[in-house]
Amino acid sequence: MSREFTILQAVGTHPAVTATKSMTGHMCGAAGAMGAVAAILSMRDGLIPATRNLEALDPRITLDVVAGGPRSGHWTTALVNAFGFGGHNTSLVFAAA
């Protein structure tokens with residue numbers, strides 16, 4: 001029996017958003033792996049890193065962007081988008097066991 005799984009079921013309706021690439025730069029082939037490691041460690045340690053160098057968010061953006069400093073909490077799911085040069089695009093969803 002198959003069941004459709006949606007992004008909202010995976011991460012909720014108001015997920016916290018961050019950009020680890022703001023701290024590491026573009027790591028080419030390692031960018032997706034680095035994002036995955038950051039997401040898993042964030043779930044394990046209960047700490048989401050802030051998007052570095054974000055000083056003013058456009059008020060029209062309604063996302064919950066983590067800025068100014070890391071955010072602590074408890075998360076059981078994470079979504080990592082890895083978009084690379086040449087059209088290499090993927091998304092990974094992680095869930096706590």
# chains A, B, ... in the order shown; residues from 1 in each chain; ligands from 1
call {"tool": "select_by_dssp", "arguments": {"residues": "range 4-72 of chain A", "states": "strand (DSSP E)", "output": "PyMOL selection string"}}
result
chain A and resi 16-17+47-48+64-65+71-72
call {"tool": "residues_around", "arguments": {"residues": "range 66-76 of chain A", "least_positions_apart": "5", "cutoff": "6 Å", "atoms": "only C-alpha atoms", "output": "list in words"}}
result
Val17, Thr18, Met43, Gly46, Leu47, Ile48, Pro49, Ala50, Thr51, Ala95 and Ala96 of chain A
call {"tool": "write_last_selection", "arguments": {"atoms": "C-alpha atoms", "output": "mmCIF file, in the first residue's frame"}}
result
data_model
loop_
_atom_site.group_PDB
_atom_site.id
_atom_site.type_symbol
_atom_site.label_atom_id
_atom_site.label_comp_id
_atom_site.auth_asym_id
_atom_site.auth_seq_id
_atom_site.Cartn_x
_atom_site.Cartn_y
_atom_site.Cartn_z
ATOM 1 C CA VAL A 17 15.129 27.965 7.538
ATOM 2 C CA THR A 18 18.899 28.418 7.489
ATOM 3 C CA MET A 43 18.590 17.429 15.029
ATOM 4 C CA GLY A 46 19.055 20.677 19.164
ATOM 5 C CA LEU A 47 20.758 23.703 17.624
ATOM 6 C CA ILE A 48 20.149 25.296 14.211
ATOM 7 C CA PRO A 49 22.973 27.538 12.965
ATOM 8 C CA ALA A 50 22.036 31.036 11.880
ATOM 9 C CA THR A 51 22.353 32.243 8.301
ATOM 10 C CA ALA A 95 13.695 11.985 10.339
ATOM 11 C CA ALA A 96 14.719 10.940 13.815
#
call {"tool": "closest_residue", "arguments": {"among": "A:Leu63, A:Gly87, A:Ala97, A:Val80", "to": "Gly35 in chain A", "atoms": "only C-alpha atoms"}}
result
A:Val80
call {"tool": "select_by_dssp", "arguments": {"residues": "chain A", "states": "helix (DSSP H, G or I)", "output": "VMD selection string"}}
result
chain A and resid 7 to 11 21 to 24 28 to 45 85 to 87
call {"tool": "write_last_selection", "arguments": {"atoms": "N, CA and C atoms", "output": "short mmCIF file (atom, residue, chain, number, x, y, z; two decimals), in the first residue's frame"}}
result
data_model
loop_
_atom_site.label_atom_id
_atom_site.label_comp_id
_atom_site.auth_asym_id
_atom_site.auth_seq_id
_atom_site.Cartn_x
_atom_site.Cartn_y
_atom_site.Cartn_z
N ILE A 7 5.84 17.42 1.74
CA ILE A 7 6.85 18.20 2.45
C ILE A 7 6.28 18.71 3.77
N LEU A 8 5.04 19.17 3.79
CA LEU A 8 4.45 19.68 5.02
C LEU A 8 4.35 18.59 6.08
N GLN A 9 4.12 17.35 5.68
CA GLN A 9 4.11 16.27 6.65
C GLN A 9 5.51 16.03 7.20
N ALA A 10 6.53 16.29 6.38
CA ALA A 10 7.90 16.04 6.80
C ALA A 10 8.43 17.11 7.74
N VAL A 11 8.20 18.38 7.42
CA VAL A 11 8.83 19.46 8.18
C VAL A 11 7.85 20.39 8.88
N LYS A 21 25.47 27.24 3.61
CA LYS A 21 26.41 27.69 2.56
C LYS A 21 26.90 29.11 2.85
N SER A 22 26.16 29.87 3.65
CA SER A 22 26.60 31.22 4.00
C SER A 22 27.87 31.18 4.86
N MET A 23 28.14 30.03 5.47
CA MET A 23 29.32 29.87 6.32
C MET A 23 30.45 29.13 5.62
N THR A 24 30.10 28.25 4.69
CA THR A 24 31.11 27.39 4.07
C THR A 24 31.47 27.81 2.66
N CYS A 28 31.14 22.80 -4.05
CA CYS A 28 30.95 21.98 -5.26
C CYS A 28 30.34 20.64 -4.89
N GLY A 29 31.01 19.54 -5.18
CA GLY A 29 30.44 18.22 -4.96
C GLY A 29 30.17 17.87 -3.51
N ALA A 30 30.78 18.56 -2.57
CA ALA A 30 30.59 18.27 -1.15
C ALA A 30 29.47 19.08 -0.52
N ALA A 31 28.89 20.02 -1.26
CA ALA A 31 27.89 20.93 -0.68
C ALA A 31 26.68 20.17 -0.13
N GLY A 32 26.16 19.23 -0.87
CA GLY A 32 25.00 18.46 -0.41
C GLY A 32 25.31 17.63 0.81
N ALA A 33 26.49 16.99 0.80
CA ALA A 33 26.89 16.17 1.95
C ALA A 33 27.07 17.04 3.19
N MET A 34 27.66 18.20 3.01
CA MET A 34 27.86 19.11 4.14
C MET A 34 26.52 19.58 4.71
N GLY A 35 25.58 19.90 3.84
CA GLY A 35 24.25 20.29 4.28
C GLY A 35 23.56 19.16 5.03
N ALA A 36 23.74 17.94 4.55
CA ALA A 36 23.14 16.78 5.22
C ALA A 36 23.73 16.59 6.61
N VAL A 37 25.04 16.70 6.73
CA VAL A 37 25.70 16.56 8.04
C VAL A 37 25.21 17.65 8.99
N ALA A 38 25.13 18.89 8.50
CA ALA A 38 24.66 20.00 9.34
C ALA A 38 23.24 19.75 9.83
N ALA A 39 22.38 19.23 8.96
CA ALA A 39 20.99 18.97 9.35
C ALA A 39 20.91 17.87 10.40
N ILE A 40 21.67 16.80 10.20
CA ILE A 40 21.65 15.69 11.15
C ILE A 40 22.19 16.14 12.51
N LEU A 41 23.29 16.90 12.50
CA LEU A 41 23.84 17.40 13.77
C LEU A 41 22.89 18.38 14.44
N SER A 42 22.16 19.18 13.66
CA SER A 42 21.18 20.10 14.23
C SER A 42 20.08 19.34 14.96
N MET A 43 19.61 18.24 14.36
CA MET A 43 18.59 17.43 15.03
C MET A 43 19.17 16.76 16.27
N ARG A 44 20.38 16.23 16.17
CA ARG A 44 21.00 15.54 17.31
C ARG A 44 21.27 16.49 18.48
N ASP A 45 21.82 17.68 18.17
CA ASP A 45 22.26 18.60 19.20
C ASP A 45 21.21 19.63 19.60
N PHE A 85 25.88 23.03 -9.58
CA PHE A 85 26.18 23.44 -10.94
C PHE A 85 25.78 22.33 -11.92
N GLY A 86 25.36 22.71 -13.09
CA GLY A 86 25.04 21.74 -14.13
C GLY A 86 23.71 21.04 -13.94
N GLY A 87 22.85 21.56 -13.09
CA GLY A 87 21.53 20.97 -12.93
C GLY A 87 21.47 19.79 -11.98
#
call {"tool": "atom_distance", "arguments": {"atom1": "CA of Val65 in chain A", "atom2": "CA of Ala16 in chain A"}}
result
5.8 Å
